[in-house]
Amino acid sequence: GSSTTDQALRIKDHDGTNTLMIVDGLGHITKPKQPAFHAYLSGNQDNFAINTNTTVLFDSERFDNNADFNTSNYTFTAPVTGKYQFNLALRFNNADTAAGFYQALLGTSNRNYALFTIDPNYSADVNYLHANWAVLADMDANDTAYIYVYQNNGGAQTDVSSGTDTAFSGYLVC
């Protein structure tokens, strides 16, 4: 016979074509259309400009449940009003000790969040600087969110690392 984990309640949209929610026999709930994404860079973003905000080019996705992240403009668009959890892992390569500081920021329609600031006060240039952050942001339907970096002074030699070193993710909490 079948076990309770094989039993599932599927809630579909009005015409029955899309599954909106699944409740399995043990009470686990999944929502295939719930906004959630994980984006990354397919290649390093080399020598980003100094003294200007530079958008991080998240041009690839590991997943995007509701197609809310746009890999051509590197932006998430909230499909509904709510609280969204955003996460960033970011690695700078070839950090310049002549830089005053490095910042990573989350830009949203409602406000900007300074995620972290790094002062590269070292005796020589460093191979990499890595940081992680998380923020819970209030967003209205159609608000946007993207990541940008800023380097104060120094030379334009620093790169944003690709692959697993740098990733931007988010999901609707409530």
# chains A, B, ... in the order shown; residues from 1 in each chain; ligands from 1
>>> residues_around(residues="Asp64 in chain A", least_positions_apart="4", cutoff="7 Å", atoms="only C-alpha atoms", output="PyMOL selection string")
chain A and resi 36-38+68-69
>>> select_by_dssp(residues="range 77-141 of chain A", states="strand (DSSP E or B)", output="count of residues only")
44
>>> residues_around(residues="range 42-51 of chain A", least_positions_apart="2", cutoff="12 Å", atoms="only C-alpha atoms", output="count of residues only")
46
>>> residues_around(residues="range 140-146 of chain A", least_positions_apart="2", cutoff="9 Å", atoms="only C-alpha atoms", output="number ranges by chain")
A: 55-56, 73-83, 105-110, 138, 148, 168
>>> write_last_selection(atoms="N, CA and C atoms", output="mmCIF file, in the first residue's frame")
data_model
loop_
_atom_site.group_PDB
_atom_site.id
_atom_site.type_symbol
_atom_site.label_atom_id
_atom_site.label_comp_id
_atom_site.auth_asym_id
_atom_site.auth_seq_id
_atom_site.Cartn_x
_atom_site.Cartn_y
_atom_site.Cartn_z
ATOM 1 N N THR A 55 26.661 48.157 -10.267
ATOM 2 C CA THR A 55 25.748 47.033 -10.106
ATOM 3 C C THR A 55 26.503 45.728 -10.310
ATOM 4 N N VAL A 56 26.261 44.759 -9.424
ATOM 5 C CA VAL A 56 26.868 43.438 -9.575
ATOM 6 C C VAL A 56 26.046 42.672 -10.616
ATOM 7 N N ASN A 73 18.980 42.413 -16.283
ATOM 8 C CA ASN A 73 19.210 43.677 -15.586
ATOM 9 C C ASN A 73 19.601 43.464 -14.122
ATOM 10 N N TYR A 74 19.789 42.181 -13.723
ATOM 11 C CA TYR A 74 20.367 41.794 -12.429
ATOM 12 C C TYR A 74 19.496 42.236 -11.252
ATOM 13 N N THR A 75 18.185 42.215 -11.460
ATOM 14 C CA THR A 75 17.244 42.797 -10.507
ATOM 15 C C THR A 75 16.124 41.818 -10.159
ATOM 16 N N PHE A 76 15.773 41.799 -8.880
ATOM 17 C CA PHE A 76 14.601 41.076 -8.394
ATOM 18 C C PHE A 76 13.436 42.057 -8.347
ATOM 19 N N THR A 77 12.258 41.619 -8.806
ATOM 20 C CA THR A 77 11.041 42.429 -8.718
ATOM 21 C C THR A 77 10.039 41.679 -7.857
ATOM 22 N N ALA A 78 9.599 42.316 -6.779
ATOM 23 C CA ALA A 78 8.643 41.689 -5.856
ATOM 24 C C ALA A 78 7.293 41.532 -6.538
ATOM 25 N N PRO A 79 6.764 40.308 -6.606
ATOM 26 C CA PRO A 79 5.461 40.113 -7.240
ATOM 27 C C PRO A 79 4.297 40.533 -6.346
ATOM 28 N N VAL A 80 4.513 40.530 -5.024
ATOM 29 C CA VAL A 80 3.470 40.905 -4.067
ATOM 30 C C VAL A 80 4.098 41.714 -2.936
ATOM 31 N N THR A 81 3.286 42.482 -2.258
ATOM 32 C CA THR A 81 3.730 43.236 -1.089
ATOM 33 C C THR A 81 4.029 42.261 0.043
ATOM 34 N N GLY A 82 5.133 42.486 0.748
ATOM 35 C CA GLY A 82 5.477 41.626 1.876
ATOM 36 C C GLY A 82 6.869 41.911 2.405
ATOM 37 N N LYS A 83 7.297 41.021 3.288
ATOM 38 C CA LYS A 83 8.649 41.077 3.858
ATOM 39 C C LYS A 83 9.496 40.040 3.131
ATOM 40 N N LEU A 105 26.112 47.016 -1.136
ATOM 41 C CA LEU A 105 24.834 47.610 -0.770
ATOM 42 C C LEU A 105 23.691 46.905 -1.486
ATOM 43 N N LEU A 106 22.545 46.889 -0.826
ATOM 44 C CA LEU A 106 21.306 46.408 -1.415
ATOM 45 C C LEU A 106 20.485 47.638 -1.753
ATOM 46 N N GLY A 107 20.178 47.807 -3.021
ATOM 47 C CA GLY A 107 19.315 48.904 -3.433
ATOM 48 C C GLY A 107 17.911 48.386 -3.626
ATOM 49 N N THR A 108 16.943 49.009 -2.960
ATOM 50 C CA THR A 108 15.546 48.662 -3.169
ATOM 51 C C THR A 108 14.771 49.929 -3.500
ATOM 52 N N SER A 109 13.557 49.758 -3.963
ATOM 53 C CA SER A 109 12.706 50.900 -4.295
ATOM 54 C C SER A 109 12.408 51.754 -3.067
ATOM 55 N N ASN A 110 12.342 51.125 -1.883
ATOM 56 C CA ASN A 110 11.993 51.856 -0.654
ATOM 57 C C ASN A 110 13.193 52.498 0.030
ATOM 58 N N ASP A 138 11.188 45.358 3.685
ATOM 59 C CA ASP A 138 9.776 45.584 3.406
ATOM 60 C C ASP A 138 9.663 46.030 1.954
ATOM 61 N N TYR A 148 24.769 46.391 -5.394
ATOM 62 C CA TYR A 148 25.822 47.181 -6.009
ATOM 63 C C TYR A 148 26.994 47.311 -5.051
ATOM 64 N N PHE A 168 23.603 36.003 -4.680
ATOM 65 C CA PHE A 168 22.528 36.842 -4.181
ATOM 66 C C PHE A 168 21.271 35.985 -4.170
#
>>> residues_around(residues="range 18-24 of chain A", least_positions_apart="3", cutoff="9 Å", atoms="only C-alpha atoms", output="list in words")
Thr4, Thr5, Asp6, Gln7, Ala8, Leu9, Arg10, Ile11, Lys12, Asp13, His14, Asp15, Gly27, His28, Ile29, Thr30, Lys31, Pro32, Lys33 and Gln34 of chain A
>>> atom_distance(atom1="CA of Ser72 in chain A", atom2="CA of Gly170 in chain A")
17.4 Å
